[in-house]
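One structure below.
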Amino acid sequence: MSESINIIHELTMLYLKNKDISSLSPSELFDEYKKVYAEIKACNSKGQSTNWFGG
């Protein structure tokens with residue numbers, strides 16, 4: 001796993017850890033993970049010119 005993919009995953013997990021997900025079903029949780037992951041990945045892509053993750 002590349003460093004930026006690992007960082008995106010870790011940020012996604014941190015976000016979900018700090019969000020109330022107790023009422024989500026497993027499939028809803030997976031959908032939420034994919035949504036957050038995509039949002040962070042898109043933000044990283046926009047920031048590539050500024051070297052957002054330093055790598």
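Identifiers in the structure tokens: chain A, B, ... in order shown; residue index from 1 per chain; ligand index from 1 in order shown.
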*Tell me which protein, DNA and RNA residues are within 7 Å of range 21-38 of chain A, counting only C-alpha atoms, leaving out same-chain ones fewer than 5 positions away, and put them as an NGL selection string.*
:A and (8-9 or 12)
As a PDB file with C-alpha atoms, in the first residue's frame, please: every residue in chain A that DSSP puts in helix (DSSP H, G or I).
```
ATOM      1  CA  GLU A   3       2.058   5.921   1.697  1.00  0.00           C
ATOM      2  CA  SER A   4      -0.665   8.308   0.515  1.00  0.00           C
ATOM      3  CA  ILE A   5      -3.255   5.491   0.293  1.00  0.00           C
ATOM      4  CA  ASN A   6      -2.336   4.410   3.824  1.00  0.00           C
ATOM      5  CA  ILE A   7      -2.657   7.983   5.097  1.00  0.00           C
ATOM      6  CA  ILE A   8      -6.037   8.366   3.397  1.00  0.00           C
ATOM      7  CA  HIS A   9      -7.186   5.127   5.038  1.00  0.00           C
ATOM      8  CA  GLU A  10      -5.909   6.243   8.451  1.00  0.00           C
ATOM      9  CA  LEU A  11      -7.612   9.642   8.165  1.00  0.00           C
ATOM     10  CA  THR A  12     -10.841   7.925   7.115  1.00  0.00           C
ATOM     11  CA  MET A  13     -10.685   5.602  10.104  1.00  0.00           C
ATOM     12  CA  LEU A  14      -9.909   8.516  12.439  1.00  0.00           C
ATOM     13  CA  TYR A  15     -12.900  10.423  11.100  1.00  0.00           C
ATOM     14  CA  LEU A  16     -15.220   7.448  11.547  1.00  0.00           C
ATOM     15  CA  LYS A  17     -13.823   6.733  15.013  1.00  0.00           C
ATOM     16  CA  PRO A  26     -22.470  -3.001   8.510  1.00  0.00           C
ATOM     17  CA  SER A  27     -23.423  -2.109   4.943  1.00  0.00           C
ATOM     18  CA  GLU A  28     -24.199   1.499   5.925  1.00  0.00           C
ATOM     19  CA  LEU A  29     -20.853   1.680   7.721  1.00  0.00           C
ATOM     20  CA  PHE A  30     -19.085   0.425   4.605  1.00  0.00           C
ATOM     21  CA  ASP A  31     -20.937   2.991   2.485  1.00  0.00           C
ATOM     22  CA  GLU A  32     -19.922   5.734   4.931  1.00  0.00           C
ATOM     23  CA  TYR A  33     -16.296   4.554   4.801  1.00  0.00           C
ATOM     24  CA  LYS A  34     -16.300   4.688   0.993  1.00  0.00           C
ATOM     25  CA  LYS A  35     -17.888   8.159   1.011  1.00  0.00           C
ATOM     26  CA  VAL A  36     -15.389   9.605   3.496  1.00  0.00           C
ATOM     27  CA  TYR A  37     -12.454   7.874   1.799  1.00  0.00           C
ATOM     28  CA  ALA A  38     -13.463   9.320  -1.582  1.00  0.00           C
ATOM     29  CA  GLU A  39     -13.821  12.810  -0.116  1.00  0.00           C
ATOM     30  CA  ILE A  40     -10.377  12.703   1.506  1.00  0.00           C
ATOM     31  CA  LYS A  41      -8.854  11.200  -1.652  1.00  0.00           C
ATOM     32  CA  ALA A  42     -10.379  13.987  -3.770  1.00  0.00           C
ATOM     33  CA  CYS A  43      -9.023  16.579  -1.365  1.00  0.00           C
ATOM     34  CA  ASN A  44      -5.592  14.964  -1.622  1.00  0.00           C
ATOM     35  CA  SER A  45      -5.776  14.985  -5.424  1.00  0.00           C
ATOM     36  CA  LYS A  46      -6.536  18.714  -5.423  1.00  0.00           C
ATOM     37  CA  GLN A  48      -1.042  17.287  -5.145  1.00  0.00           C
ATOM     38  CA  SER A  49       0.507  20.460  -6.499  1.00  0.00           C
ATOM     39  CA  THR A  50       1.141  21.561  -2.926  1.00  0.00           C
TER      40      THR A  50
END
```
